[in-house]
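Listing of data.cif, mmCIF, C-alpha atoms and all ligand atoms
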```cif
data_my_file
loop_
_atom_site.label_atom_id
_atom_site.label_comp_id
_atom_site.auth_asym_id
_atom_site.auth_seq_id
_atom_site.Cartn_x
_atom_site.Cartn_y
_atom_site.Cartn_z
CA MET A 165 -101.36 28.98 69.09
CA PRO A 166 -97.65 28.93 68.13
CA ARG A 167 -95.73 26.41 70.13
CA VAL A 168 -92.31 27.29 71.55
CA LEU A 169 -89.94 24.83 73.12
CA LEU A 170 -87.99 26.81 75.72
CA ILE A 171 -84.74 25.05 76.66
CA LEU A 172 -82.86 26.24 79.74
CA GLY A 173 -79.11 25.63 79.89
CA GLY A 174 -77.25 25.65 83.19
CA GLY A 175 -75.94 29.13 83.84
CA ILE A 176 -76.44 31.93 86.31
CA ALA A 177 -78.64 33.70 83.72
CA ALA A 178 -81.14 30.81 83.83
CA TYR A 179 -83.37 32.75 86.22
CA LYS A 180 -83.96 35.32 83.45
CA ALA A 181 -85.50 32.56 81.32
CA LEU A 182 -88.45 32.75 83.73
CA ASP A 183 -89.18 36.26 82.44
CA VAL A 184 -88.71 35.09 78.85
CA ALA A 185 -91.24 32.32 79.49
CA ARG A 186 -93.71 34.74 81.05
CA GLU A 187 -93.36 37.23 78.16
CA LEU A 188 -93.68 34.56 75.46
CA ARG A 189 -96.90 33.39 77.06
CA ARG A 190 -98.15 36.96 77.36
CA GLN A 191 -97.64 37.21 73.58
CA GLY A 192 -99.97 34.27 73.06
CA MET A 193 -97.49 31.44 72.74
CA ASP A 194 -97.73 27.97 74.11
CA VAL A 195 -94.43 27.44 75.98
CA THR A 196 -93.14 23.94 76.72
CA PRO A 197 -90.17 24.11 79.11
CA VAL A 198 -87.16 21.81 78.95
CA MET A 199 -84.29 21.91 81.45
CA THR A 200 -80.82 20.45 81.38
CA ALA A 201 -79.59 18.84 84.59
CA ALA A 202 -77.32 21.86 85.17
CA ALA A 203 -80.20 24.31 84.68
CA LYS A 204 -81.97 22.72 87.65
CA GLU A 205 -79.04 23.82 89.84
CA PHE A 206 -80.03 27.44 89.15
CA VAL A 207 -83.83 27.43 88.81
CA THR A 208 -86.40 25.12 90.28
CA PRO A 209 -88.54 23.19 87.81
CA LEU A 210 -91.58 24.21 89.85
CA SER A 211 -91.09 27.96 89.20
CA LEU A 212 -90.77 27.29 85.48
CA GLU A 213 -93.78 24.97 85.45
CA VAL A 214 -95.93 27.59 87.14
CA LEU A 215 -94.89 30.33 84.71
CA CYS A 216 -95.26 28.14 81.62
CA GLY A 217 -98.42 26.44 82.76
CA SER A 218 -96.90 23.23 81.51
CA ALA A 219 -94.80 20.41 82.98
CA VAL A 220 -91.02 20.64 82.68
CA HIS A 221 -89.40 18.00 80.48
CA ASP A 222 -85.97 17.08 81.73
CA GLU A 223 -85.14 13.45 81.10
CA LEU A 224 -84.67 11.56 77.89
CA PHE A 225 -86.20 8.25 78.80
CA LYS A 226 -88.37 9.05 81.82
CA ALA A 227 -91.32 6.74 81.42
CA ALA A 228 -93.89 9.25 82.71
CA GLN A 229 -92.73 11.97 80.30
CA GLU A 230 -92.36 9.60 77.34
CA SER A 231 -95.85 8.25 77.85
CA GLN A 232 -97.31 11.78 77.85
CA ILE A 233 -95.42 12.88 74.76
CA GLY A 234 -92.38 11.11 73.27
CA HIS A 235 -89.23 13.20 72.90
CA ILE A 236 -89.25 12.99 69.11
CA GLN A 237 -92.85 14.16 69.02
CA LEU A 238 -91.89 16.98 71.39
CA ALA A 239 -89.14 18.06 68.98
CA ARG A 240 -91.33 17.77 65.89
CA SER A 241 -94.35 19.58 67.24
CA ALA A 242 -92.49 22.82 68.07
CA ASP A 243 -92.88 25.86 65.80
CA ALA A 244 -89.69 27.36 67.23
CA VAL A 245 -87.03 26.42 69.76
CA VAL A 246 -85.53 29.04 72.08
CA VAL A 247 -82.46 28.16 74.14
CA CYS A 248 -82.00 30.54 77.08
CA PRO A 249 -79.39 30.72 78.39
CA ALA A 250 -77.32 28.91 75.76
CA THR A 251 -74.15 27.90 77.57
CA ALA A 252 -70.77 27.25 75.92
CA ASN A 253 -71.20 23.58 76.70
CA LEU A 254 -74.68 23.33 75.19
CA MET A 255 -73.54 25.12 72.01
CA ALA A 256 -70.48 22.85 71.72
CA ARG A 257 -72.68 19.77 71.99
CA MET A 258 -75.10 21.19 69.40
CA ALA A 259 -72.28 22.09 67.02
CA HIS A 260 -70.99 18.51 67.18
CA GLY A 261 -74.39 16.89 66.87
CA LEU A 262 -74.30 15.24 70.30
CA ALA A 263 -77.56 13.96 71.70
CA ASP A 264 -76.61 12.91 75.21
CA ASP A 265 -79.54 14.40 77.12
CA LEU A 266 -83.09 15.53 76.39
CA ALA A 267 -82.14 19.12 75.44
CA THR A 268 -79.50 18.15 72.86
CA THR A 269 -81.66 15.33 71.50
CA LEU A 270 -84.53 17.74 70.92
CA LEU A 271 -82.16 20.23 69.27
CA LEU A 272 -80.96 17.51 66.90
CA ALA A 273 -84.40 16.10 66.16
CA THR A 274 -86.28 19.34 65.53
CA ASP A 275 -86.72 20.93 62.14
CA ALA A 276 -88.17 24.10 63.68
CA PRO A 277 -86.07 27.29 63.59
CA ILE A 278 -83.75 27.62 66.58
CA LEU A 279 -82.86 30.78 68.51
CA LEU A 280 -79.94 30.78 70.93
CA ALA A 281 -79.52 33.41 73.64
CA PRO A 282 -75.97 32.79 74.88
CA ALA A 283 -74.71 33.90 78.28
CA MET A 284 -71.30 33.09 79.70
CA ASN A 285 -68.04 34.52 80.97
CA VAL A 286 -66.36 36.85 78.45
CA HIS A 287 -63.32 34.56 78.04
CA MET A 288 -65.52 31.56 77.37
CA TRP A 289 -67.43 33.55 74.75
CA GLN A 290 -64.24 34.76 73.10
CA HIS A 291 -62.49 31.39 73.16
CA PRO A 292 -61.74 30.15 69.61
CA ALA A 293 -63.58 26.90 70.37
CA THR A 294 -66.79 28.77 71.21
CA HIS A 295 -66.24 31.11 68.27
CA ASN A 296 -65.95 28.14 65.86
CA ASN A 297 -69.04 26.49 67.34
CA VAL A 298 -71.05 29.70 66.91
CA GLN A 299 -69.92 29.94 63.29
CA THR A 300 -70.85 26.31 62.63
CA LEU A 301 -74.29 26.83 64.13
CA GLN A 302 -74.86 30.10 62.25
CA LYS A 303 -73.99 28.34 59.01
CA ARG A 304 -76.72 25.82 59.76
CA GLY A 305 -79.22 28.64 60.08
CA VAL A 306 -79.35 28.77 63.87
CA ARG A 307 -80.25 32.30 64.97
CA PHE A 308 -78.47 34.17 67.78
CA VAL A 309 -79.55 37.02 70.01
CA GLY A 310 -76.74 38.48 72.09
CA PRO A 311 -74.70 38.10 74.16
CA VAL A 312 -74.30 41.75 75.03
CA GLU A 313 -71.62 43.72 76.81
CA GLY A 314 -71.74 44.48 80.51
CA GLU A 315 -70.78 43.30 83.94
CA MET A 316 -71.10 39.59 84.55
CA ALA A 317 -72.00 37.57 87.61
CA CYS A 318 -68.34 36.57 88.00
CA GLY A 319 -67.42 40.26 88.37
CA GLU A 320 -65.70 40.58 84.97
CA THR A 321 -66.85 42.99 82.30
CA GLY A 322 -67.14 42.32 78.58
CA VAL A 323 -69.35 40.57 76.04
CA GLY A 324 -71.14 37.63 77.60
CA ARG A 325 -74.29 38.92 79.27
CA LEU A 326 -77.63 37.52 78.24
CA ALA A 327 -79.46 39.80 75.78
CA SER A 328 -82.45 41.73 77.14
CA ILE A 329 -85.67 39.80 77.72
CA GLU A 330 -87.35 42.11 75.21
CA SER A 331 -84.87 41.39 72.41
CA ILE A 332 -84.99 37.62 73.05
CA VAL A 333 -88.79 37.67 72.84
CA ASP A 334 -88.71 39.93 69.74
CA GLU A 335 -86.38 37.51 67.95
CA ALA A 336 -88.54 34.55 68.96
CA VAL A 337 -91.61 36.31 67.55
CA LYS A 338 -89.73 36.99 64.29
CA LEU A 339 -88.76 33.34 64.11
CA LEU A 340 -92.42 32.41 64.35
CA GLY A 341 -93.39 34.81 61.58
CA ARG A 342 -93.26 31.88 59.19
CA SER A 343 -96.28 30.65 57.33
CA SER A 344 -96.85 27.41 55.52
CA ALA A 345 -97.56 28.76 52.02
CA LEU A 346 -94.48 26.98 50.64
CA SER A 347 -94.17 24.12 53.09
CA GLY A 348 -93.10 20.91 51.41
CA ARG A 349 -91.47 22.90 48.54
CA LYS A 350 -87.74 22.63 47.96
CA VAL A 351 -86.03 25.78 46.81
CA LEU A 352 -82.51 26.46 45.59
CA VAL A 353 -81.13 30.00 45.76
CA THR A 354 -77.73 31.18 44.48
CA ALA A 355 -76.24 34.35 45.93
CA GLY A 356 -73.12 36.48 46.12
CA PRO A 357 -70.19 36.73 43.76
CA THR A 358 -67.91 33.94 42.63
CA ARG A 359 -64.17 34.16 43.02
CA GLU A 360 -62.00 32.82 40.21
CA PRO A 361 -58.35 32.33 41.19
CA ILE A 362 -55.49 33.57 39.00
CA ASP A 363 -52.69 32.51 41.34
CA PRO A 364 -52.60 31.74 45.09
CA VAL A 365 -53.11 35.42 46.00
CA ARG A 366 -55.17 36.96 43.18
CA TYR A 367 -58.62 36.40 41.80
CA ILE A 368 -61.32 37.72 39.46
CA SER A 369 -64.58 38.67 41.20
CA ASN A 370 -67.18 41.44 41.43
CA HIS A 371 -68.86 43.69 44.00
CA SER A 372 -71.91 41.52 44.73
CA SER A 373 -72.75 41.66 48.46
CA GLY A 374 -75.17 38.71 48.47
CA LEU A 375 -77.80 40.86 50.24
CA GLN A 376 -80.57 40.30 47.68
CA GLY A 377 -80.04 36.54 47.43
CA PHE A 378 -79.85 36.09 51.22
CA ALA A 379 -83.02 38.15 51.67
CA ILE A 380 -84.81 35.97 49.12
CA ALA A 381 -83.64 32.77 50.84
CA GLU A 382 -84.89 34.17 54.16
CA SER A 383 -88.30 35.16 52.78
CA LEU A 384 -88.80 31.77 51.12
CA ALA A 385 -87.85 29.96 54.34
CA ARG A 386 -90.30 32.13 56.24
CA LEU A 387 -93.03 30.88 53.93
CA GLY A 388 -92.13 27.35 54.97
CA ALA A 389 -89.95 26.31 52.00
CA SER A 390 -86.97 24.10 52.57
CA VAL A 391 -84.20 26.33 51.22
CA THR A 392 -80.67 25.49 50.08
CA LEU A 393 -78.62 28.64 49.66
CA VAL A 394 -75.50 28.20 47.53
CA SER A 395 -73.38 31.22 48.27
CA GLY A 396 -70.16 32.69 47.00
CA PRO A 397 -67.87 34.47 49.49
CA VAL A 398 -69.92 37.09 51.37
CA ALA A 399 -69.91 38.61 54.85
CA LEU A 400 -73.48 37.69 55.78
CA SER A 401 -74.91 35.33 58.35
CA THR A 402 -77.14 32.46 57.30
CA PRO A 403 -80.88 33.22 57.45
CA PRO A 404 -82.74 31.10 60.03
CA GLY A 405 -83.76 27.66 58.89
CA VAL A 406 -81.76 27.85 55.65
CA LEU A 407 -79.18 25.25 54.63
CA ARG A 408 -76.13 27.09 53.34
CA VAL A 409 -73.48 25.69 51.02
CA ASP A 410 -70.41 27.90 50.63
CA VAL A 411 -68.52 27.88 47.34
CA GLN A 412 -65.82 29.98 45.73
CA THR A 413 -65.85 29.44 41.98
CA ALA A 414 -68.56 29.24 39.31
CA GLU A 415 -67.67 25.62 38.69
CA GLU A 416 -68.14 24.80 42.41
CA MET A 417 -71.42 26.74 42.41
CA LYS A 418 -72.69 24.73 39.45
CA VAL A 419 -71.80 21.41 41.13
CA ALA A 420 -73.45 22.47 44.42
CA CYS A 421 -76.61 23.55 42.54
CA LEU A 422 -76.86 20.29 40.61
CA ASP A 423 -76.32 18.41 43.90
CA ALA A 424 -79.27 20.30 45.41
CA LEU A 425 -81.69 18.97 42.74
CA PRO A 426 -84.44 17.92 42.54
CA ALA A 427 -86.04 21.18 43.62
CA ASP A 428 -89.38 22.86 42.92
CA VAL A 429 -87.86 26.28 42.43
CA ALA A 430 -84.44 27.71 41.55
CA VAL A 431 -83.76 31.41 42.06
CA CYS A 432 -80.39 32.44 40.60
CA VAL A 433 -79.36 35.70 42.17
CA ALA A 434 -75.59 35.12 42.22
CA ALA A 435 -73.37 37.44 40.24
CA VAL A 436 -71.43 34.60 38.69
CA SER A 437 -68.14 35.63 37.19
CA ASP A 438 -68.52 35.17 33.43
CA TRP A 439 -64.89 34.26 32.94
CA ARG A 440 -62.08 32.54 34.77
CA ALA A 441 -58.35 32.35 34.10
CA GLU A 442 -57.65 29.53 31.68
CA SER A 443 -54.97 28.17 33.96
CA GLN A 444 -54.33 28.84 37.59
CA HIS A 445 -50.71 29.52 38.44
CA ALA A 446 -49.40 27.34 41.24
CA ASN A 447 -47.10 30.11 42.49
CA LYS A 448 -47.60 33.83 42.84
CA LEU A 449 -47.03 35.60 39.52
CA LYS A 450 -43.94 37.80 39.80
CA LYS A 451 -43.19 41.07 38.04
CA THR A 452 -40.71 40.56 35.23
CA ALA A 453 -38.81 42.74 32.78
CA ASN A 454 -41.21 41.52 30.06
CA GLY A 455 -44.05 43.58 31.50
CA PRO A 456 -47.41 42.45 32.88
CA PRO A 457 -48.50 38.87 32.30
CA ALA A 458 -51.20 38.09 29.75
CA ILE A 459 -54.06 36.26 31.45
CA SER A 460 -56.07 34.24 29.04
CA LEU A 461 -59.73 33.85 30.05
CA VAL A 462 -62.22 31.09 29.38
CA GLU A 463 -65.98 31.24 29.84
CA ASN A 464 -67.57 29.88 33.01
CA PRO A 465 -70.60 27.57 32.97
CA ASP A 466 -73.91 29.41 32.92
CA ILE A 467 -75.69 28.06 36.01
CA LEU A 468 -79.07 29.62 35.28
CA ALA A 469 -79.06 28.22 31.73
CA THR A 470 -77.87 24.82 33.00
CA LEU A 471 -80.71 24.66 35.57
CA SER A 472 -83.26 25.85 32.99
CA GLN A 473 -82.29 23.15 30.54
CA CYS A 474 -81.30 20.13 32.66
CA THR A 475 -83.33 16.92 32.93
CA LEU A 476 -84.17 17.59 36.59
CA ARG A 477 -85.33 21.12 35.73
CA PRO A 478 -87.13 22.76 38.67
CA THR A 479 -90.77 23.59 37.95
CA LEU A 480 -90.03 27.30 38.27
CA VAL A 481 -86.66 28.80 37.34
CA VAL A 482 -86.09 32.46 38.17
CA GLY A 483 -83.13 34.57 37.05
CA PHE A 484 -81.90 38.07 37.65
CA ALA A 485 -80.29 40.34 35.06
CA ALA A 486 -77.77 43.01 35.88
CA GLU A 487 -77.78 45.54 33.05
CA THR A 488 -76.32 48.97 32.58
CA GLU A 489 -78.14 50.03 29.39
CA SER A 490 -81.19 49.01 27.30
CA VAL A 491 -82.31 47.15 30.43
CA LYS A 492 -85.67 45.90 29.16
CA ASP A 493 -84.46 44.76 25.71
CA HIS A 494 -81.47 42.95 27.10
CA ALA A 495 -83.57 41.35 29.83
CA ARG A 496 -86.19 40.09 27.40
CA GLN A 497 -83.50 38.50 25.24
CA LYS A 498 -81.72 37.11 28.28
CA ARG A 499 -84.86 35.32 29.52
CA GLN A 500 -85.29 33.68 26.11
CA ARG A 501 -81.64 32.81 25.74
CA LYS A 502 -81.27 31.21 29.17
CA GLY A 503 -84.66 29.48 29.12
CA CYS A 504 -85.81 30.58 32.59
CA ASP A 505 -89.46 31.25 33.46
CA TRP A 506 -89.16 34.58 35.22
CA LEU A 507 -86.46 37.18 35.06
CA LEU A 508 -86.03 40.23 37.29
CA ALA A 509 -83.90 42.88 35.64
CA ASN A 510 -82.29 45.83 37.29
CA ASP A 511 -80.15 48.70 36.17
CA VAL A 512 -76.94 48.23 38.13
CA SER A 513 -75.67 51.65 37.07
CA LYS A 514 -78.44 53.11 39.29
CA TYR A 515 -78.78 50.37 41.93
CA CYS A 516 -75.20 49.47 42.53
CA PHE A 517 -74.02 46.25 44.15
CA GLY A 518 -73.97 46.44 47.92
CA GLY A 519 -76.82 48.97 48.30
CA SER A 520 -79.89 48.20 50.38
CA ARG A 521 -82.49 49.21 47.77
CA ASN A 522 -83.45 47.80 44.42
CA GLN A 523 -85.83 48.40 41.55
CA VAL A 524 -86.65 45.71 39.03
CA HIS A 525 -88.66 44.95 35.92
CA PHE A 526 -90.34 41.58 36.13
CA PHE A 527 -90.47 39.46 32.95
CA SER A 528 -92.44 36.27 32.50
CA ASP A 529 -93.93 34.55 29.46
CA LYS A 530 -96.43 37.40 29.23
CA GLU A 531 -95.66 39.95 26.56
CA GLU A 532 -95.79 42.93 28.91
CA GLU A 533 -93.26 43.22 31.68
CA GLU A 534 -94.15 44.63 35.11
CA THR A 535 -92.22 47.49 36.61
CA TRP A 536 -91.95 47.07 40.35
CA PRO A 537 -91.44 50.23 42.42
CA GLU A 538 -88.12 50.96 44.05
CA MET A 539 -88.00 49.22 47.42
CA ASP A 540 -85.79 47.79 50.11
CA LYS A 541 -84.10 44.51 49.08
CA LYS A 542 -85.95 42.73 51.90
CA ALA A 543 -89.30 44.02 50.64
CA LEU A 544 -88.42 42.90 47.13
CA ALA A 545 -87.50 39.48 48.49
CA GLU A 546 -90.86 39.23 50.21
CA ARG A 547 -92.74 40.25 47.10
CA LEU A 548 -90.92 37.66 45.02
CA ALA A 549 -91.45 34.94 47.65
CA GLU A 550 -95.17 35.70 47.76
CA ARG A 551 -95.32 35.60 43.97
CA ILE A 552 -93.67 32.18 44.03
CA ALA A 553 -96.15 30.98 46.68
CA ALA A 554 -99.04 32.29 44.55
CA PHE A 555 -97.64 30.44 41.50
CA PHE A 556 -97.75 27.12 43.37
CA ALA A 557 -101.11 27.88 44.97
CA ALA A 558 -102.55 28.43 41.47
CA SER A 559 -101.01 25.26 40.09
CA VAL A 560 -102.62 22.83 42.57
N1 LIG B 1 -75.82 33.51 35.72
C1 LIG B 1 -75.44 32.22 36.01
N2 LIG B 1 -74.24 31.76 35.57
C2 LIG B 1 -73.39 32.55 34.89
C3 LIG B 1 -73.78 33.89 34.61
C4 LIG B 1 -74.99 34.34 35.06
O1 LIG B 1 -76.20 31.48 36.64
N3 LIG B 1 -72.23 32.09 34.49
C5 LIG B 1 -77.16 33.94 36.14
C6 LIG B 1 -77.20 35.00 37.21
O2 LIG B 1 -77.30 34.42 38.49
C7 LIG B 1 -78.46 35.76 36.84
C8 LIG B 1 -78.54 35.62 35.33
O3 LIG B 1 -77.74 34.50 35.00
O4 LIG B 1 -79.62 35.11 37.35
C9 LIG B 1 -78.07 36.81 34.54
O5 LIG B 1 -76.82 37.24 34.96
P1 LIG B 1 -76.15 38.49 34.28
O6 LIG B 1 -74.81 38.72 34.92
O7 LIG B 1 -77.09 39.62 34.20
O8 LIG B 1 -75.98 38.00 32.78
P2 LIG B 1 -74.89 37.22 32.03
O9 LIG B 1 -75.34 35.85 31.78
O10 LIG B 1 -73.58 37.35 32.73
O11 LIG B 1 -74.87 37.99 30.63
P3 LIG B 1 -74.16 39.38 30.22
O12 LIG B 1 -72.86 39.43 30.97
O13 LIG B 1 -74.01 39.24 28.77
O14 LIG B 1 -75.11 40.48 30.60
#
```

Take the structure from the file and write it as structure tokens.
Amino acid sequence: MPRVLLILGGGIAAYKALDVARELRRQGMDVTPVMTAAAKEFVTPLSLEVLCGSAVHDELFKAAQESQIGHIQLARSADAVVVCPATANLMARMAHGLADDLATTLLLATDAPILLAPAMNVHMWQHPATHNNVQTLQKRGVRFVGPVEGEMACGETGVGRLASIESIVDEAVKLLGRSSALSGRKVLVTAGPTREPIDPVRYISNHSSGLQGFAIAESLARLGASVTLVSGPVALSTPPGVLRVDVQTAEEMKVACLDALPADVAVCVAAVSDWRAESQHANKLKKTANGPPAISLVENPDILATLSQCTLRPTLVVGFAAETESVKDHARQKRQRKGCDWLLANDVSKYCFGGSRNQVHFFSDKEEEETWPEMDKKALAERLAERIAAFFAASV
């Protein structure tokens, strides 16, 4: 039975956590309730205990609770953690790594995926401090559901209401959709474009959205892998449970990837800019009577080739190939040239950057390639993640 740690923060929406608890149990989950001191001002521990069928944990060093199950064990044994309602204060403490009560200690000690269902006054939600904390938490892979727009207990209207019970439970169920096929495996994924500066306001880049790489990171994490996602500048939120490292340039991406080694698998999905300006101008280039400036380019490091050939080479190195003609021939040569194990090639003249669908040819050391049908990028990510899991299952 999947085990959910349900943490109640102190807010007027805390009473709705009772319905969340009831629904999670109805869906077959074992729910262990935890309350902050403030939460107990809004809901009685007894109501929660009755609905969860389990004692409420509320104090860090309460002898009776520690003797039943120590707080670290409580944090480690959860398959998912749901915080409902997540108050501004609780999120701020999480963002800063504080562990000054049982709830925040559990949130710091757990390695289970975390779902926050925030609820607060609209001004508190919109405050830059809260906004920054939410961004920090999202970057760490914490998942959010809501808040939604509507009238609040204080009488104001705006974004700040707790999401519906149904959507909180749906997200919690998704969070638990992980399996352990890749648990204990460390995976590195690159995604997005790189951005190579010319001067303080201009750069060389490409149209990569990062969608495929982020979907792959998410699918691998769902199979239990410990995933580091090295991403160029994209407008995507971090998949749950994934450690994200943001970079701008190819050189920074290479350093971040080498820092993430050793790893069992590397999946290079990033559309790394092949070239960068030889020198970066300190000031903005101005128009002159001599016409446009000549920008001399130098080649960027090839991250896929570097990972395929380095001393700490991951057991399985997977590349992608973006081609516009002679897709299969170019892809076959590219796999050989870079030294990766698998290569997924697509025709970017048909499946342009930014779209939600993809169609690839899969190359390995076998002579014949496989042609995968056109599918959603998420479905492709799942297929690849399962293939990776099967590779390791066959090798043990
Ligand atoms: N790649 C990389 N570092 C680079 C260039 C590409 O890691 N500097 C990786 C990509 O992440 C992808 C694979 O290499 O997995 C192929 O990328 P692609 O753009 O198709 O090929 P290029 O190496 O750029 O070759 P070409 O431009 O000649 O097609």

Practice item. Could you check which of A:Gln290, A:Ser369, A:Thr354, A:Thr413 is closest to ligand LIG 1 (chain B), using all atoms listed in the file? Key: A:Thr354

Name the residues in contact with Ala385 of chain A at a cut-off of 8 Å, using all atoms listed in the file, excluding same-chain residues fewer than 6 positions from it; report them as a PDB file with C-alpha atoms, in the frame of the given file.
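Written output follows (around-v6.pdb):
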```
ATOM      1  CA  ARG A 342     -93.260  31.880  59.190  1.00  0.00           C
ATOM      2  CA  VAL A 391     -84.200  26.330  51.220  1.00  0.00           C
ATOM      3  CA  PRO A 404     -82.740  31.100  60.030  1.00  0.00           C
ATOM      4  CA  GLY A 405     -83.760  27.660  58.890  1.00  0.00           C
ATOM      5  CA  VAL A 406     -81.760  27.850  55.650  1.00  0.00           C
TER       6      VAL A 406
END
```

Check your understanding: Around (-70.6, 31.1, 45.0) in the file's own coordinates, what residues are found within 12 Å if you use all atoms listed in the file, given back as a PyMOL selection string?
Key -> chain A and resi 353-360+369-370+372-374+377+393-398+408-421+432-437+467

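Coordinates place atom CA of Ile176 of chain A at a distance of 11.5 Å from atom CA of Pro282 of chain A.
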
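One finds atom CA of Pro249 of chain A at 11.3 Å from atom CA of Phe206 of chain A.
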